[in-house]
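> Mind looking over this structure? Questions follow.
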Amino acid sequence: MKKTKPCINDARSHLITILIPVFNEEAVLSKLLQTLDQVTGSMPYKFEFLFVDDGSRDNTVNKLRFAKNRFKQIRILSLSRNFGKEAAVTAGLQYAKGDAVILIDADLQDPPHCIPEMVSAWKQGADVVLMKRRSRHGDGWAKRTYAYLFYRFISYISDIPIPTDTGDFRLMSRQVVDAVNQLPERNRYMKGIFAWVGMDTKIIEFDREQRAAGITKWNYLKLFTLALDGITSFSYKPLRISFFLGIALLATSILSMFVSNIGTTSTHEVIDYNLLFCLITFFFGLQFLCLGVLGEYIGKIYTESKQRPLFIVSEFIESHDDNSRSKQRIINL
């Protein structure tokens with residue numbers, strides 16, 4: 001039988017966490033908070049706004065402290081330095097108290113006006129409400145092309161199906177959040193982790209907006225690194241491809257030597273050194289490529305073996321609904 005979420009009459013007894021990782025986002029905070037307050041103010045649920053500051057160097061944290069005087073539902077989790085978005089999301093999920101958690105970017109490219117529809121789908125039984133990008137108005141041609149190719153490639157190569165054209169914008173039930181929090185790996189590609197957990201999922205399409213203020217913190221090098229982490233965290237196929245490619249090249253070289261020996265017994269052809277140089281360079285490059293693939297996996301094993309904390313919390317400020325406190329805490333998953 002399909003499970004149902006709290007009915008509208010008892011909605012006030014249920015808490016929804018809106019989880020927002022931030023890094024140098026002072027320019028957009030005012031508009032973000034006003035928009036979130038307008039959207040959630042008309043809904044029959046309790047909300048908390050959990051901001052995870054990933055080592056911002058601007059005035060982000062101070063603006064959030066000041067905003068707490070007006071928005072009582074704000075909670076602030078400050079990390080000791082910049083650990084990366086995946087670690088910041090993990091930290092937020094560890095501290096989220098809601099019966100459901102909505103993960104959303106601070107730049108308003110993920111429109112908060114989708115939240116009521118997401119909560120409605122959760123109330124009707126979905127454990128995960130996945131927001132799929134129908135269009136990407138805020139991204140240039142190069143980034144759209146990169147995203148298109150990456151999502152389809154990782155969907156093909158991954159050992160588990162990872163939905164295409166989806167980011168971090170989603171709602172997760174408490175059951176899903178608890179399941180994610182049990183996963184101990186240090187190499188965290190969150191979209192893959194969310195997909196691995198599974199559960200009953202509903203997909204809603206939306207149009208991605210332009211960034212409301214500030215500048216993006218993602219450059220193409222960071223995007224490439226994230227893509228590489230995603231591929232190597234959820235698939236062994238690159239290793240298998242390297243293995244079969246090696247077999248194919250070995251067989252080709254043996255066949256070439258056989259044909260070459262037959263040819264040299266009857267003719268004395270001049271060696272084309274340019275072709276020889278190109279072939280040697282090609283195969284050296286291919287070797288280093290395969291070594292690089294192997295190195296990525298060995299590097300992940302090394303990272304996992306050290307068992308370092310995924311992040312360190314320098315300060316945690318509760319909402320006014322709780323006993324306000326600041327504390328330092330090290331999380332070791």
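Following the order of the structure tokens, first chain is A, next is B, and so on, with residues numbered from 1 inside each chain and ligands from 1 in the order they appear.
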Enumerate as a list in words all residues of segment 56-86 of chain A assigned to strand (DSSP E or B) by DSSP on the backbone, naming them with the chain letters and numbers the document uses.
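Put together, the selection reads Ile74, Arg75, Ile76, Leu77, Ser78 and Leu79 of chain A.
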> Hey, could you make a per-residue contact list for segment 153-249 of chain A against segment 112-126 of chain A with 9 Å as the cut-off, showing the nearest pair of atoms and its distance in Å to one decimal, counting only C-alpha atoms, sorted by chain and number, as a Markdown table?

| residue | atom | partner | partner_atom | distance |
| --- | --- | --- | --- | --- |
| A:Arg170 | CA | A:Met118 | CA | 7.9 |
| A:Leu171 | CA | A:Met118 | CA | 6.6 |
| A:Met172 | CA | A:Trp122 | CA | 8.2 |
| A:Ser173 | CA | A:Trp122 | CA | 7.5 |
| A:Met199 | CA | A:Ala126 | CA | 8.2 |
| A:Asp200 | CA | A:Ala126 | CA | 5.4 |
| A:Thr201 | CA | A:Ala126 | CA | 5.6 |
| A:Lys202 | CA | A:Ala126 | CA | 6.1 |
| A:Ile204 | CA | A:Met118 | CA | 8.0 |
| A:Phe206 | CA | A:Cys114 | CA | 8.0 |
> Generate a file of the selected residues that holds N, CA and C atoms, formatted as an mmCIF file, in the first residue's frame.

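File produced: selection-v2.cif:
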data_model
loop_
_atom_site.group_PDB
_atom_site.id
_atom_site.type_symbol
_atom_site.label_atom_id
_atom_site.label_comp_id
_atom_site.auth_asym_id
_atom_site.auth_seq_id
_atom_site.Cartn_x
_atom_site.Cartn_y
_atom_site.Cartn_z
ATOM 1 N N ARG A 170 16.515 19.159 -4.525
ATOM 2 C CA ARG A 170 15.647 18.013 -4.296
ATOM 3 C C ARG A 170 15.089 18.058 -2.884
ATOM 4 N N LEU A 171 14.050 17.282 -2.660
ATOM 5 C CA LEU A 171 13.507 17.054 -1.318
ATOM 6 C C LEU A 171 13.769 15.603 -0.958
ATOM 7 N N MET A 172 14.164 15.378 0.296
ATOM 8 C CA MET A 172 14.398 14.026 0.792
ATOM 9 C C MET A 172 13.662 13.819 2.105
ATOM 10 N N SER A 173 13.037 12.680 2.244
ATOM 11 C CA SER A 173 12.362 12.357 3.498
ATOM 12 C C SER A 173 13.397 12.053 4.576
ATOM 13 N N MET A 199 14.891 4.676 -3.060
ATOM 14 C CA MET A 199 13.595 5.034 -2.476
ATOM 15 C C MET A 199 12.623 5.531 -3.563
ATOM 16 N N ASP A 200 11.378 5.694 -3.141
ATOM 17 C CA ASP A 200 10.309 6.132 -4.041
ATOM 18 C C ASP A 200 10.580 7.566 -4.494
ATOM 19 N N THR A 201 10.754 7.744 -5.795
ATOM 20 C CA THR A 201 11.187 9.035 -6.336
ATOM 21 C C THR A 201 10.167 9.603 -7.308
ATOM 22 N N LYS A 202 9.901 10.899 -7.164
ATOM 23 C CA LYS A 202 9.066 11.628 -8.116
ATOM 24 C C LYS A 202 9.918 12.718 -8.756
ATOM 25 N N ILE A 204 10.097 16.203 -10.964
ATOM 26 C CA ILE A 204 9.366 17.410 -11.373
ATOM 27 C C ILE A 204 10.308 18.258 -12.218
ATOM 28 N N PHE A 206 11.574 21.777 -14.057
ATOM 29 C CA PHE A 206 11.516 23.213 -13.787
ATOM 30 C C PHE A 206 12.494 23.928 -14.702
#
> As an exercise, work out the distance from atom CA of Leu33 of chain A to atom CA of Phe51 of chain A in Å and give it to one decimal place.
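A separation of 10.9 Å between them.
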> Between atom CA of Cys290 of chain A and atom CA of Ser242 of chain A, what distance in Å does the model show, to one decimal?
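Answer for the atom CA of Cys290 of chain A to atom CA of Ser242 of chain A separation: 5.8 Å.
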> So, with only C-alpha atoms as the atoms that count, which of A:Leu29, A:Val52, A:Ile160, A:Val177 lies closest to Gly98 of chain A?
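For Gly98 of chain A, the nearest of the candidates is A:Val177.
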> Smallest atom-to-atom distance to Tyr95 of chain A: which of A:Asp168, A:Asp178, A:Glu205, A:Asp229, using only C-alpha atoms?
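Ranked by minimum distance to Tyr95 of chain A, first place goes to A:Asp178.
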> Choose the residue, out of A:Lys191, A:Arg81, A:Lys237, A:Arg57, that has the smallest atom-to-atom separation from Glu315 of chain A; count only C-alpha atoms.
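Selected residue with least distance to Glu315 of chain A: A:Arg81.
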> Run DSSP on the backbone and give me the residues of segment 165-254 of chain A it puts in alpha helix (DSSP H), as number ranges by chain.
A: 174-181, 190-197, 220-233, 237-254
> Keeping N, CA and C atoms, export the residues of the selection given above as a compact mmCIF listing (two decimals), in the first residue's frame.

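File written: result09.txt
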# COMPACT_ATOMS: atom_id res chain seq x y z
N ARG A 174 12.94 12.01 5.81
CA ARG A 174 13.84 11.71 6.92
C ARG A 174 14.48 10.33 6.74
N GLN A 175 13.74 9.38 6.19
CA GLN A 175 14.28 8.04 5.96
C GLN A 175 15.46 8.08 4.99
N VAL A 176 15.35 8.87 3.95
CA VAL A 176 16.43 9.00 2.97
C VAL A 176 17.64 9.70 3.60
N VAL A 177 17.39 10.78 4.33
CA VAL A 177 18.49 11.51 4.98
C VAL A 177 19.24 10.61 5.95
N ASP A 178 18.51 9.83 6.74
CA ASP A 178 19.17 8.92 7.68
C ASP A 178 20.00 7.88 6.94
N ALA A 179 19.50 7.42 5.80
CA ALA A 179 20.25 6.43 5.01
C ALA A 179 21.53 7.05 4.45
N VAL A 180 21.45 8.27 3.94
CA VAL A 180 22.64 8.96 3.41
C VAL A 180 23.66 9.18 4.52
N ASN A 181 23.19 9.53 5.71
CA ASN A 181 24.10 9.79 6.83
C ASN A 181 24.84 8.55 7.30
N MET A 190 27.74 13.52 -4.26
CA MET A 190 26.44 13.44 -3.60
C MET A 190 25.32 13.00 -4.55
N LYS A 191 25.36 13.42 -5.81
CA LYS A 191 24.31 13.00 -6.74
C LYS A 191 24.31 11.49 -6.89
N GLY A 192 25.50 10.90 -6.91
CA GLY A 192 25.60 9.45 -6.98
C GLY A 192 25.15 8.78 -5.69
N ILE A 193 25.51 9.37 -4.55
CA ILE A 193 25.09 8.82 -3.26
C ILE A 193 23.57 8.85 -3.13
N PHE A 194 22.97 9.98 -3.51
CA PHE A 194 21.51 10.07 -3.45
C PHE A 194 20.87 9.00 -4.34
N ALA A 195 21.43 8.80 -5.53
CA ALA A 195 20.88 7.80 -6.45
C ALA A 195 21.07 6.39 -5.90
N TRP A 196 22.19 6.14 -5.23
CA TRP A 196 22.46 4.82 -4.67
C TRP A 196 21.45 4.45 -3.60
N VAL A 197 21.04 5.42 -2.79
CA VAL A 197 20.07 5.16 -1.72
C VAL A 197 18.73 4.72 -2.31
N TYR A 220 35.67 25.75 -14.86
CA TYR A 220 35.67 24.50 -15.62
C TYR A 220 36.60 23.45 -15.03
N LEU A 221 37.66 23.88 -14.36
CA LEU A 221 38.55 22.92 -13.70
C LEU A 221 37.83 22.22 -12.55
N LYS A 222 37.08 22.99 -11.74
CA LYS A 222 36.32 22.39 -10.65
C LYS A 222 35.23 21.47 -11.18
N LEU A 223 34.58 21.87 -12.27
CA LEU A 223 33.55 21.02 -12.86
C LEU A 223 34.16 19.72 -13.40
N PHE A 224 35.35 19.83 -14.01
CA PHE A 224 36.02 18.63 -14.51
C PHE A 224 36.40 17.70 -13.36
N THR A 225 36.91 18.28 -12.27
CA THR A 225 37.28 17.47 -11.11
C THR A 225 36.06 16.77 -10.52
N LEU A 226 34.94 17.50 -10.44
CA LEU A 226 33.70 16.90 -9.92
C LEU A 226 33.25 15.77 -10.83
N ALA A 227 33.35 15.98 -12.14
CA ALA A 227 32.96 14.93 -13.09
C ALA A 227 33.84 13.70 -12.92
N LEU A 228 35.14 13.90 -12.75
CA LEU A 228 36.07 12.79 -12.56
C LEU A 228 35.76 12.04 -11.27
N ASP A 229 35.44 12.78 -10.21
CA ASP A 229 35.06 12.15 -8.94
C ASP A 229 33.80 11.31 -9.11
N GLY A 230 32.83 11.86 -9.84
CA GLY A 230 31.58 11.14 -10.06
C GLY A 230 31.80 9.85 -10.82
N ILE A 231 32.63 9.91 -11.86
CA ILE A 231 32.86 8.72 -12.69
C ILE A 231 33.61 7.65 -11.91
N THR A 232 34.66 8.03 -11.19
CA THR A 232 35.49 7.05 -10.50
C THR A 232 34.88 6.59 -9.18
N SER A 233 33.92 7.33 -8.64
CA SER A 233 33.29 6.94 -7.38
C SER A 233 32.18 5.91 -7.58
N LYS A 237 34.15 0.82 -14.66
CA LYS A 237 34.27 0.65 -16.11
C LYS A 237 35.53 1.28 -16.70
N PRO A 238 35.99 2.45 -16.21
CA PRO A 238 37.26 2.97 -16.75
C PRO A 238 38.42 2.00 -16.60
N LEU A 239 38.47 1.25 -15.49
CA LEU A 239 39.52 0.26 -15.31
C LEU A 239 39.35 -0.89 -16.28
N ARG A 240 38.11 -1.32 -16.48
CA ARG A 240 37.85 -2.41 -17.42
C ARG A 240 38.16 -1.99 -18.85
N ILE A 241 37.82 -0.74 -19.18
CA ILE A 241 38.12 -0.24 -20.52
C ILE A 241 39.63 -0.23 -20.75
N SER A 242 40.39 0.20 -19.74
CA SER A 242 41.85 0.20 -19.86
C SER A 242 42.39 -1.21 -20.05
N PHE A 243 41.80 -2.17 -19.34
CA PHE A 243 42.23 -3.57 -19.44
C PHE A 243 41.99 -4.12 -20.85
N PHE A 244 40.78 -3.95 -21.35
CA PHE A 244 40.45 -4.48 -22.68
C PHE A 244 41.18 -3.72 -23.79
N LEU A 245 41.42 -2.44 -23.56
CA LEU A 245 42.20 -1.67 -24.53
C LEU A 245 43.63 -2.19 -24.60
N GLY A 246 44.19 -2.55 -23.46
CA GLY A 246 45.53 -3.12 -23.43
C GLY A 246 45.60 -4.44 -24.17
N ILE A 247 44.58 -5.29 -23.99
CA ILE A 247 44.54 -6.57 -24.71
C ILE A 247 44.45 -6.34 -26.22
N ALA A 248 43.60 -5.40 -26.61
CA ALA A 248 43.43 -5.12 -28.04
C ALA A 248 44.73 -4.60 -28.66
N LEU A 249 45.42 -3.71 -27.96
CA LEU A 249 46.68 -3.17 -28.49
C LEU A 249 47.78 -4.23 -28.52
N LEU A 250 47.79 -5.10 -27.53
CA LEU A 250 48.78 -6.18 -27.51
C LEU A 250 48.56 -7.12 -28.70
N ALA A 251 47.30 -7.46 -28.94
CA ALA A 251 46.99 -8.33 -30.08
C ALA A 251 47.36 -7.66 -31.40
N THR A 252 47.09 -6.35 -31.49
CA THR A 252 47.43 -5.61 -32.71
C THR A 252 48.94 -5.57 -32.94
N SER A 253 49.70 -5.38 -31.87
CA SER A 253 51.17 -5.31 -32.01
C SER A 253 51.74 -6.66 -32.44
N ILE A 254 51.20 -7.76 -31.89
CA ILE A 254 51.67 -9.10 -32.28
C ILE A 254 51.37 -9.35 -33.76
> Set the distance at 7 Å and use only C-alpha atoms: which residues neighbour Glu86 of chain A once local chain neighbours fewer than 3 positions away are removed? I'd like the list as number ranges by chain.
A: 89-90, 188-190
> Considering only C-alpha atoms, state which residue in the set A:Pro161, A:Pro44, A:Pro309, A:Pro111 is at the smallest distance from His14 of chain A.
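Comparing A:Pro161, A:Pro44, A:Pro309, A:Pro111 against His14 of chain A, the winner is A:Pro44.
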> Quick one: distance from atom CA of Pro163 of chain A to atom CA of Tyr151 of chain A in Å, one decimal?
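Separation between atom CA of Pro163 of chain A and atom CA of Tyr151 of chain A: 7.8 Å.
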> Can you pull out the residues contacting Ala91 of chain A? Cut-off 9 Å, using only C-alpha atoms, and skip same-chain residues under 6 positions away; I want them as a PDB file with C-alpha atoms, in the first residue's frame.

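Below you can see part-v6.pdb, which holds the result:
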ATOM      1  CA  VAL A  52      26.142  25.730   5.988  1.00  0.00           C
ATOM      2  CA  LEU A  77      26.646  25.901  10.681  1.00  0.00           C
ATOM      3  CA  LEU A  79      32.920  24.982   8.822  1.00  0.00           C
ATOM      4  CA  LEU A 310      35.103  14.806   6.353  1.00  0.00           C
ATOM      5  CA  PHE A 311      34.683  18.298   7.810  1.00  0.00           C
ATOM      6  CA  ILE A 312      35.259  20.284  10.998  1.00  0.00           C
ATOM      7  CA  VAL A 313      32.594  22.560  12.467  1.00  0.00           C
ATOM      8  CA  ILE A 331      32.477  15.065  12.525  1.00  0.00           C
TER       9      ILE A 331
END
